[in-house]
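Just below is one structure, and these are the notes that go with it.
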Amino acid sequence: MKLVILETSDVHGSIYPLSYADNKPKDVGMGKIATLIKNERAGNPSTMLIDNGDMIQGTPLLYYYARFDKSRPNPMAVIANELNYDCAVFGNHEFNFGRDILDRAVSDSKFPWLAANIVNQSTGEPFFGKPYIIKSFDQGVRVAVLGLTTKYVPNWEKAEHITGMRFEDPVETANKWVPFLKKEKKADVVVLSYHGGFGRDLDTGKAIEELKGENQAYQICQEVPDIDALLTGHQHRMIYGSAVNGVTVIQPGCNGTHLGKVTLELEKQQERWHITRKMSELISVAGVEADAGLLNKVGDYEKDAQNWLDQPLGKIEGDMLVRDPMKVRTEDHPLIEFINRLQMKASGMDISSTALFNNESPGMPENVSMRDIVANYIYPNTLRVIRITGQDMRDALERSASYFKTYSGGLIEVSKAFTDPKPQHYNYDMWEGIDYIIDISRPAGNRIVKLDYHGVPVKMTQHYDVVMNNYRAVGGGDYAMFSNKPVIKDIPVDVTELIANEVLEKKVIKAKVDHNWKLIY
């Protein structure tokens, strides 16, 4: 008997095969994934379909739905229902839009959402009800799927979005549930779907990142017996064809570029089914025709989102385009200056930090639409003001300065810590309201050679109020110096809305910089 398990993960609201920045075709999305799923099912009736999390956030279509179009069912639930998913797991980004949107997505889904390690703070019971599913196939084969989510969610998410929840250790949770599924529920196959990745090299076990509990897949494979396959995500890596301690593992990238496929061959021996062969592979959507019928199911959503994206808002006077992302990160740029100044205005603070989130940010053209704004500011962040010391400020700047490899001639390059195992350009911050110099010829951790506030050196023991996005304000991106700092003010408006409102109000935004920081080598 052949069992196929199909996995999507970190789709991030990607449905249509296009880039919302310019509407050009792109090999992404559930439209193309749907074609692959139907092909796989046609080849084998014993097939399961599982989403591993980060489904309902990430594109302008889902942003528009969450902010302006809540009366209809969640479009990702519509798509997933149409494709007959067996189950889904909660990713960290599922919580970004708040409980109303999340609860609606769950109720709109005709399949269960699994969360064994997200428990009620009071009772200790699974918060969302179902920790696992068991599905029976021909000849009586029983397959159990246990859902787990990275326990690191509280380090990123707004507290009000996860009120009453406790995120328990996924390794401990798996060790609790897997024996139950094997013995009590008599599952022939146990699959773990974990929204988290690998903090260690799959072959050597060597740490590839700080082991802070965000990505525990390697540990799960080593410490939890009787797992047959581990579906992973969160890191946006493409992992296939590998096994860790005998556990077949897979991770299908992000945005619907690949469909994950695990194949298990089973034989019945002495009244029990035994797995005789396991393999994992990724199937690319490149060149695949999107399923037009599926896309039609959410055509009205897309039409409304596209109309919203193209609404003219105002103009940029001067040049705010991004032509070279590295140049933006090595010298003051009008786009970063504009966002920082806007954050300062919205908060009433005079120190701010922000980032260029990825290398695809196009900057702002002369005529600005909502499409241009969401192409640059891709996350549903709000702003928070926290009180930090001068030492915290210096430590944060050193963390950002470690983005660069130590310069010894030639090109300026990005440190591997910010590119592997996935790009983390969003963790390099640029500040306004202070004057500083980064010397990348010096070793990481000793690169801030000037740090002034109002013309005098920043005092290490003095307190400063700084505005930044909510992700960074809780220490996200390994900015531990910001964790548990006093919160002076919350600005509960999405930054994209703040940008749009500013452009609408001013009509004309001047592109300018004050050169308050620079990089030397």
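Chain labels follow the order of the structure tokens: the first chain is A, the next B, and so on; residue numbering restarts at 1 in every chain, and ligands are counted from 1 in their shown order.
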Once you count only C-alpha atoms, what closest atom pair and distance in Å to one decimal does each residue of region 47-82 of chain A within 12 Å of region 376-392 of chain A have, with rows by chain and rising residue number, as a tab-separated table?
residue	atom	partner	partner_atom	distance
A:Gln57	CA	A:Pro380	CA	8.6
A:Gly58	CA	A:Tyr379	CA	7.1
A:Thr59	CA	A:Ile378	CA	7.7
A:Pro60	CA	A:Ile378	CA	8.3
A:Leu61	CA	A:Ile378	CA	11.8
A:Leu62	CA	A:Pro380	CA	10.6
A:Tyr63	CA	A:Pro380	CA	7.7
A:Tyr64	CA	A:Pro380	CA	10.9
A:Ala66	CA	A:Pro380	CA	10.2
A:Arg67	CA	A:Pro380	CA	10.1
Cut-off 10 Å: closest region 176-233 of chain A/region 127-139 of chain A atom pairs per residue, using only C-alpha atoms, as CSV:
residue,atom,partner,partner_atom,distance
A:Trp177,CA,A:Pro131,CA,8.7
A:Val178,CA,A:Tyr132,CA,10.0
A:Leu181,CA,A:Ile134,CA,8.7
A:Lys185,CA,A:Ile134,CA,8.3
A:Lys186,CA,A:Ile134,CA,9.7
A:Ala187,CA,A:Ile134,CA,7.5
A:Asp188,CA,A:Ser136,CA,9.7
A:Val189,CA,A:Ile134,CA,9.5
A:Val190,CA,A:Ile134,CA,9.1
A:Val191,CA,A:Tyr132,CA,9.7
A:Leu192,CA,A:Tyr132,CA,9.2
A:Ser193,CA,A:Tyr132,CA,9.7
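Close contacts of His161 (chain A), defined as residues with an atom at most 12 Å away when counting only C-alpha atoms, with chain neighbours fewer than 3 positions off set aside, comprise A:Asn92, A:His93, A:Glu94, A:Phe95, A:Asn96, A:Phe97, A:Gly98, A:Arg99, A:Asp100, A:Ile101, A:Leu102, A:Asp103, A:Val153, A:Pro154, A:Trp156, A:Glu157, A:Lys158, A:Gly164, A:Met165.
For the atom pair formed by CA of Ala444 (chain A) and CA of Gln219 (chain A), the distance is 29.4 Å, given to one decimal.
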Check the smallest atom-to-atom distance from each of A:Ile56, A:Cys254, A:Ala116, A:Met370 to Asn307 (chain A) using only C-alpha atoms, then report the winner.
A:Met370
